[in-house]
Amino acid sequence: MRERNPLLLAFYVLVVLFLFFPILIVVPISFSNGRFLSFPPEEFGLRWYKAYFSDPVWMSATFRSLRVALGASLLATFVGTLSVVGLGRRRSKTSGILTGIFVAPAIVPNIIVALGVFIFAIRMGVSDNELTLICAHAAIGLPFVVLMVGTAYRQIDPTLEKAARIMGAGPIQAFLTATLPPLTPAILSAGIFAFFVSFDELIISLFLMSSAETLPMRIWNDLRFEINPTIAAVSVFFVLVTTVAMTGAEFLRRRAEAKQND
Amino acid sequence: MQGSRVHFENVTKSFGATVALSDFNLDIAPGEFVTLLGASGSGKSTALNILAGFSDATSGEVFIDDRPLTGVAPEHRNVGMVFQNFALFPHKTVAENVAFPLKMRKVAQAEINTRVKAALDMVQLGDFAARKPAALSGGQRQRVALARAVVFEPPVLLMDECLSALDLKLREELQEEIRRIHREIGTTVLFVTHDQTEALTMSDRIAILAGGEIVQIDAPEALYDRPRTRFVADFIGQSNMFDLANVVDGKASVPDMGIEIPMPDANAVAISLRPERIRVVLGDAPTDKTIFEGTVQDETFYGPVVAQMVRLSSGRLLEVRSQRSGHDRMPHTGEAIKLAFDPADAAPLAD
Ligand SMILES: Nc1ncnc2c1ncn2[C@@H]1O[C@H](COP(=O)(O)OP(=O)(O)O)[C@@H](O)[C@H]1O
Ligand SMILES: [Mg+2]
């Protein structure tokens with residue numbers, strides 16, 4: 001073992017505590033059996049988890065969020081990957097400008113995007129519509145896909161595709177054979193990322209949706225009227241889903257990566 | 001299998017202001033092994049890429065067996081290619097890599113299996129079929145790439161500096177192997193290298209490229225013994241070059257040596273003399289040779305061969321290489337000596 005610097009170790013512990021602090025507070029609260037939000041809780045139980053899972057409003061918001069996030073992630077990943085491939089490997093003026101446009105939603109504040117999408121949706125009569133929300137969320141997930149997949153794409157040896165072509169594969173077959181497999185880990189990561197960009201997005205959803213709530217909207221609306229420990233239970237569930245999904249995704253990604261060099 | 005004839009006709013390729021190939025003409029006989037040899041940037045890869053279909057000629061045409069290739073996609077040219085960086089699919093096993101061109105040709109699975117096995121046996125990698133490329137050494141990877149390039153018996157095989165990523169010993173092994181495979185399958189090979197030894201040992205003919213043009217194309221021996229320009233004489237092997245004066249009536253004088261030699265080529269402006277074609281004469285001078293004089297200035301020991309730098313009376317330095325197997329003693333540094341050569345060994349240079 002390497003010798004540890006005690007100062008560094010202390011700093012490390014502090015940073016981890018800082019990052020986990022909200023979770024450390026929320027987890028005990030979620031297991032309280034009291035009627036009100038209090039810390040530390042006096043009595044423990046699963047009361048608020050039951051409340052969450054038996055409430056159709058919370059449940060439909062949860063499933064809506066999962067649906068929207070899945071749709072947005074698939075759309076962003078598909079469009080983003082195609083953009084990367086379309087832009088090609090060589091840096092040109094056009095590809096620079098186009099990359100800028102694809103990445104813009106990551107730089108523009110979400111509230112501006114929300115306003116734009118809202119006005120557009122009202123005009124087109126497609127507000128309060130899950131599909132519209134999926135498209136809007138796909139737009140803000142797109143930059144991450146373009147950046148993550150783009151980086152991986154430029155590291156793939158272009159002669160692989162040439163080799164596939166000269167051996168008899170058409171352009172699409174060559175892409176599927178030579179480029180897509182090594183690109184898959186990056187596409188998976190980007191897809192997961194885009195999923196969570198949508199899953200915890202609030203502002204655009206608030207603007208665009210009214211009757212149909214997403215999970216963050218439900219939390220937000222709930223918080224405005226009363227503060228009860230359901231939110232803590234929801235949050236813990238939220239964290240759990242995220243952790244499981246991220247771990248699963250990382251596992252898949254590693255396996256895809258390992259497949260190439262075992 | 002029978003190789004195809006490959007024919008470049010007045011091919012020109014420019015990238016903006018850069019002319020990568022200019023009026024390139026090359027006719028390769030069926031089954032011939034031709035090497036493009038040239039410095040980096042001389043247009044070798046450009047020529048290969050145009051033949052493979054990865055890039056289009058700006059003008060001119062390429063033919064395989066009289067079939068013009070403009071507009072034919074790489075996948076329809078039926079050409080094999082080995083790349084410098086192997087270009088094996090990392091996620092496929094060795095066997096899957098080699099099977100790929102057969103799959104693309106919709107060969108039946110049973111036949112794929114036998115042919116893949118035969119191809120891997122040919123490069124002595126039969127036991128590695130189930131491995132991924134990452135689990136192979138550089139030399140083994142290039143062998144797999146070679147097996148994959150020939151498994152579908154392409155009538156034309158292209159290799160772009162495919163050995164230059166390997167170390168010397170492996171390179172020599174693979175040179176041997178490529179020559180053997182070429183003999184076995186009889187395909188036409190267009191091989192690219194910047195390594196002159198590789199070119200000399202492997203090729204039927206070598207085309208020397210400079211600035212996108214073929215400056216000379218000949219069999220290795222002819223190229224070495226009869227370079228036609230200073231550039232080629234200098235590029236291939238070691239050479240002593242001397243300007244000629246008064247080239248008339250089948251004779252010319254060599255001012256640096258202070259002698260006159262027979263010179264049938266009226267256009268010659270200089271001669272090239274290989275260091276090993278000059279003999280140090282310590283006893284009586286032979287009468288059938290051209291003799292001139294100099295002083296040994298320096299000596300380098302190479303093992304089987306010793307090189308002497310000899311200063312001529314004109315001040316010019318010249319290199320002589322002698323085999324140490326002879327019984328003659330070697331001259332010492334500072335000794336005045338006579339040098340002899342056969343005028344037929346002096347290659348006339350046109351520029
Ligand atoms: N895609 C390209 N764009 C611009 N110039 C190129 C391109 N490919 C090659 N060239 C130029 O063409 C010339 C010949 O290149 P190349 O055929 O690759 O040489 P070699 O393979 O002999 O090293 C070089 O000057 C090179 O810079
Ligand atoms: Mg090259």
# chains A, B, ... in the order shown; residues from 1 in each chain; ligands from 1
>>> residues_near_ligand(ligand="ligand 1", cutoff="9 Å", atoms="only C-alpha atoms and all ligand atoms", output="PDB file with C-alpha atoms, in the first residue's frame")
ATOM      1  CA  LYS B  13      -4.198  13.430 -58.668  1.00  0.00           C
ATOM      2  CA  SER B  14      -4.114  16.856 -57.061  1.00  0.00           C
ATOM      3  CA  PHE B  15      -5.176  17.943 -53.604  1.00  0.00           C
ATOM      4  CA  GLY B  16      -5.753  21.647 -54.113  1.00  0.00           C
ATOM      5  CA  ALA B  17      -2.360  22.997 -55.107  1.00  0.00           C
ATOM      6  CA  THR B  18      -0.517  19.800 -54.148  1.00  0.00           C
ATOM      7  CA  VAL B  19       0.075  17.447 -57.043  1.00  0.00           C
ATOM      8  CA  ALA B  20       0.300  14.005 -55.443  1.00  0.00           C
ATOM      9  CA  LEU B  21       0.535  12.061 -58.710  1.00  0.00           C
ATOM     10  CA  LEU B  36       6.432   1.451 -55.455  1.00  0.00           C
ATOM     11  CA  LEU B  37       9.486   2.791 -53.685  1.00  0.00           C
ATOM     12  CA  GLY B  38       9.829   6.402 -52.695  1.00  0.00           C
ATOM     13  CA  ALA B  39      10.310   8.827 -49.863  1.00  0.00           C
ATOM     14  CA  SER B  40       7.390   9.869 -47.708  1.00  0.00           C
ATOM     15  CA  GLY B  41       5.042  12.142 -49.653  1.00  0.00           C
ATOM     16  CA  SER B  42       6.138  10.869 -53.055  1.00  0.00           C
ATOM     17  CA  GLY B  43       2.613   9.688 -53.919  1.00  0.00           C
ATOM     18  CA  LYS B  44       2.803   5.947 -53.200  1.00  0.00           C
ATOM     19  CA  SER B  45      -0.332   5.765 -51.055  1.00  0.00           C
ATOM     20  CA  THR B  46      -2.177   8.033 -53.439  1.00  0.00           C
ATOM     21  CA  ALA B  47      -1.562   5.581 -56.285  1.00  0.00           C
ATOM     22  CA  LEU B  48      -2.693   2.658 -54.146  1.00  0.00           C
ATOM     23  CA  ASN B  49      -5.797   4.468 -52.898  1.00  0.00           C
ATOM     24  CA  SER B  55     -10.021   8.167 -53.872  1.00  0.00           C
ATOM     25  CA  ASP B 160       0.808  -0.138 -48.192  1.00  0.00           C
ATOM     26  CA  GLU B 161       3.931  -0.062 -46.026  1.00  0.00           C
ATOM     27  CA  VAL B 192       4.459   0.013 -51.299  1.00  0.00           C
ATOM     28  CA  THR B 193       7.501   0.685 -49.180  1.00  0.00           C
ATOM     29  CA  HIS B 194      10.065   3.339 -48.401  1.00  0.00           C
ATOM     30  CA  LEU B 209       8.634   7.504 -57.197  1.00  0.00           C
ATOM     31  CA  ALA B 210       9.604  11.091 -56.594  1.00  0.00           C
ATOM     32  CA  GLY B 211       7.249  14.032 -56.528  1.00  0.00           C
ATOM     33  CA  GLY B 212       4.360  11.958 -57.858  1.00  0.00           C
TER      34      GLY B 212
END
>>> select_by_dssp(residues="region 79-149 of chain B", states="strand (DSSP E or B)", output="ChimeraX atom specification")
/B:79-82
>>> interface_residues(of="chain B", to="chain A", cutoff="9 Å", atoms="only C-alpha atoms", output="MDAnalysis selection string")
chainID B and resid 52:54 73:83 85:92 100:105 131:135 148:149 152
>>> atom_distance(atom1="CA of Gly125 (chain A)", atom2="CA of Phe207 (chain A)")
13.9 Å
>>> atom_distance(atom1="CA of Arg274 (chain B)", atom2="CA of Ile208 (chain B)")
18.5 Å
>>> residues_around(residues="region 335-342 of chain B", least_positions_apart="3", cutoff="8 Å", atoms="only C-alpha atoms", output="list in words")
Arg277, Ile278, Arg279, Val280, Val281, Leu282, Ala285, Pro286, Asp288, Lys289, Thr290, Ile291, Phe292, Glu293, Gly294, Thr295, Val296, Pro331, His332, Asp345 and Ala346 of chain B
>>> decode(residues="region 65-98 of chain A", atoms="N, CA, C and O atoms", output="mmCIF file, in the first residue's frame")
data_model
loop_
_atom_site.group_PDB
_atom_site.id
_atom_site.type_symbol
_atom_site.label_atom_id
_atom_site.label_comp_id
_atom_site.auth_asym_id
_atom_site.auth_seq_id
_atom_site.Cartn_x
_atom_site.Cartn_y
_atom_site.Cartn_z
ATOM 1 N N SER A 65 -42.149 10.188 -16.305
ATOM 2 C CA SER A 65 -40.747 10.604 -16.370
ATOM 3 C C SER A 65 -39.870 9.520 -16.994
ATOM 4 O O SER A 65 -38.995 9.809 -17.807
ATOM 5 N N LEU A 66 -40.118 8.277 -16.588
ATOM 6 C CA LEU A 66 -39.332 7.179 -17.157
ATOM 7 C C LEU A 66 -39.557 7.080 -18.660
ATOM 8 O O LEU A 66 -38.614 6.936 -19.445
ATOM 9 N N ARG A 67 -40.841 7.203 -19.059
ATOM 10 C CA ARG A 67 -41.182 7.146 -20.484
ATOM 11 C C ARG A 67 -40.507 8.256 -21.267
ATOM 12 O O ARG A 67 -39.866 8.023 -22.288
ATOM 13 N N VAL A 68 -40.664 9.470 -20.736
ATOM 14 C CA VAL A 68 -40.107 10.634 -21.440
ATOM 15 C C VAL A 68 -38.585 10.514 -21.522
ATOM 16 O O VAL A 68 -37.982 10.745 -22.580
ATOM 17 N N ALA A 69 -37.978 10.129 -20.403
ATOM 18 C CA ALA A 69 -36.513 10.035 -20.389
ATOM 19 C C ALA A 69 -36.037 8.970 -21.375
ATOM 20 O O ALA A 69 -35.055 9.174 -22.097
ATOM 21 N N LEU A 70 -36.745 7.858 -21.427
ATOM 22 C CA LEU A 70 -36.365 6.799 -22.358
ATOM 23 C C LEU A 70 -36.484 7.288 -23.800
ATOM 24 O O LEU A 70 -35.561 7.131 -24.613
ATOM 25 N N GLY A 71 -37.618 7.921 -24.093
ATOM 26 C CA GLY A 71 -37.832 8.440 -25.450
ATOM 27 C C GLY A 71 -36.789 9.473 -25.817
ATOM 28 O O GLY A 71 -36.181 9.414 -26.890
ATOM 29 N N ALA A 72 -36.557 10.414 -24.896
ATOM 30 C CA ALA A 72 -35.610 11.494 -25.179
ATOM 31 C C ALA A 72 -34.209 10.925 -25.370
ATOM 32 O O ALA A 72 -33.469 11.354 -26.260
ATOM 33 N N SER A 73 -33.881 9.941 -24.541
ATOM 34 C CA SER A 73 -32.547 9.361 -24.624
ATOM 35 C C SER A 73 -32.356 8.633 -25.955
ATOM 36 O O SER A 73 -31.332 8.810 -26.630
ATOM 37 N N LEU A 74 -33.352 7.849 -26.351
ATOM 38 C CA LEU A 74 -33.239 7.127 -27.623
ATOM 39 C C LEU A 74 -33.122 8.105 -28.783
ATOM 40 O O LEU A 74 -32.268 7.957 -29.665
ATOM 41 N N LEU A 75 -33.963 9.130 -28.753
ATOM 42 C CA LEU A 75 -33.958 10.105 -29.843
ATOM 43 C C LEU A 75 -32.620 10.842 -29.909
ATOM 44 O O LEU A 75 -32.013 10.961 -30.981
ATOM 45 N N ALA A 76 -32.175 11.325 -28.748
ATOM 46 C CA ALA A 76 -30.919 12.085 -28.722
ATOM 47 C C ALA A 76 -29.751 11.208 -29.162
ATOM 48 O O ALA A 76 -28.874 11.651 -29.909
ATOM 49 N N THR A 77 -29.742 9.960 -28.721
ATOM 50 C CA THR A 77 -28.637 9.070 -29.062
ATOM 51 C C THR A 77 -28.614 8.781 -30.557
ATOM 52 O O THR A 77 -27.567 8.840 -31.203
ATOM 53 N N PHE A 78 -29.804 8.518 -31.099
ATOM 54 C CA PHE A 78 -29.897 8.212 -32.521
ATOM 55 C C PHE A 78 -29.468 9.410 -33.364
ATOM 56 O O PHE A 78 -28.557 9.314 -34.198
ATOM 57 N N VAL A 79 -30.109 10.553 -33.092
ATOM 58 C CA VAL A 79 -29.802 11.754 -33.877
ATOM 59 C C VAL A 79 -28.348 12.173 -33.654
ATOM 60 O O VAL A 79 -27.629 12.510 -34.604
ATOM 61 N N GLY A 80 -27.911 12.142 -32.399
ATOM 62 C CA GLY A 80 -26.551 12.576 -32.078
ATOM 63 C C GLY A 80 -25.506 11.720 -32.765
ATOM 64 O O GLY A 80 -24.540 12.231 -33.339
ATOM 65 N N THR A 81 -25.697 10.397 -32.740
ATOM 66 C CA THR A 81 -24.724 9.505 -33.371
ATOM 67 C C THR A 81 -24.680 9.734 -34.877
ATOM 68 O O THR A 81 -23.605 9.833 -35.474
ATOM 69 N N LEU A 82 -25.876 9.872 -35.466
ATOM 70 C CA LEU A 82 -25.897 10.134 -36.909
ATOM 71 C C LEU A 82 -25.200 11.458 -37.230
ATOM 72 O O LEU A 82 -24.490 11.563 -38.225
ATOM 73 N N SER A 83 -25.411 12.478 -36.371
ATOM 74 C CA SER A 83 -24.761 13.772 -36.622
ATOM 75 C C SER A 83 -23.253 13.615 -36.599
ATOM 76 O O SER A 83 -22.541 14.138 -37.462
ATOM 77 N N VAL A 84 -22.767 12.902 -35.595
ATOM 78 C CA VAL A 84 -21.321 12.717 -35.469
ATOM 79 C C VAL A 84 -20.765 12.057 -36.733
ATOM 80 O O VAL A 84 -19.781 12.511 -37.311
ATOM 81 N N VAL A 85 -21.438 10.992 -37.164
ATOM 82 C CA VAL A 85 -20.962 10.276 -38.340
ATOM 83 C C VAL A 85 -21.068 11.170 -39.577
ATOM 84 O O VAL A 85 -20.177 11.213 -40.419
ATOM 85 N N GLY A 86 -22.187 11.919 -39.644
ATOM 86 C CA GLY A 86 -22.387 12.808 -40.782
ATOM 87 C C GLY A 86 -21.334 13.903 -40.849
ATOM 88 O O GLY A 86 -20.864 14.258 -41.918
ATOM 89 N N LEU A 87 -20.967 14.415 -39.687
ATOM 90 C CA LEU A 87 -19.969 15.479 -39.661
ATOM 91 C C LEU A 87 -18.598 14.960 -40.066
ATOM 92 O O LEU A 87 -17.761 15.716 -40.532
ATOM 93 N N GLY A 88 -18.362 13.679 -39.879
ATOM 94 C CA GLY A 88 -17.113 13.087 -40.330
ATOM 95 C C GLY A 88 -15.966 13.364 -39.386
ATOM 96 O O GLY A 88 -16.135 13.979 -38.342
ATOM 97 N N ARG A 89 -14.808 12.889 -39.787
ATOM 98 C CA ARG A 89 -13.644 12.999 -38.914
ATOM 99 C C ARG A 89 -12.891 14.287 -39.140
ATOM 100 O O ARG A 89 -12.280 14.818 -38.246
ATOM 101 N N ARG A 90 -12.931 14.740 -40.359
ATOM 102 C CA ARG A 90 -12.108 15.901 -40.662
ATOM 103 C C ARG A 90 -12.756 17.169 -40.149
ATOM 104 O O ARG A 90 -13.973 17.364 -40.261
ATOM 105 N N ARG A 91 -11.971 18.031 -39.566
ATOM 106 C CA ARG A 91 -12.465 19.295 -39.062
ATOM 107 C C ARG A 91 -12.527 20.279 -40.221
ATOM 108 O O ARG A 91 -11.528 20.573 -40.832
ATOM 109 N N SER A 92 -13.723 20.734 -40.534
ATOM 110 C CA SER A 92 -13.830 21.758 -41.559
ATOM 111 C C SER A 92 -14.650 22.897 -40.963
ATOM 112 O O SER A 92 -15.154 22.795 -39.858
ATOM 113 N N LYS A 93 -14.778 23.968 -41.727
ATOM 114 C CA LYS A 93 -15.530 25.109 -41.234
ATOM 115 C C LYS A 93 -16.994 24.721 -41.009
ATOM 116 O O LYS A 93 -17.557 24.985 -39.949
ATOM 117 N N THR A 94 -17.575 24.061 -42.000
ATOM 118 C CA THR A 94 -18.987 23.658 -41.884
ATOM 119 C C THR A 94 -19.195 22.754 -40.680
ATOM 120 O O THR A 94 -20.142 22.947 -39.912
ATOM 121 N N SER A 95 -18.308 21.778 -40.517
ATOM 122 C CA SER A 95 -18.512 20.832 -39.424
ATOM 123 C C SER A 95 -18.352 21.551 -38.092
ATOM 124 O O SER A 95 -19.029 21.235 -37.116
ATOM 125 N N GLY A 96 -17.472 22.559 -38.048
ATOM 126 C CA GLY A 96 -17.303 23.355 -36.829
ATOM 127 C C GLY A 96 -18.581 24.082 -36.470
ATOM 128 O O GLY A 96 -19.039 24.043 -35.318
ATOM 129 N N ILE A 97 -19.164 24.728 -37.473
ATOM 130 C CA ILE A 97 -20.393 25.491 -37.230
ATOM 131 C C ILE A 97 -21.519 24.558 -36.802
ATOM 132 O O ILE A 97 -22.234 24.817 -35.827
ATOM 133 N N LEU A 98 -21.645 23.430 -37.511
ATOM 134 C CA LEU A 98 -22.717 22.487 -37.184
ATOM 135 C C LEU A 98 -22.544 21.906 -35.777
ATOM 136 O O LEU A 98 -23.510 21.793 -35.022
#
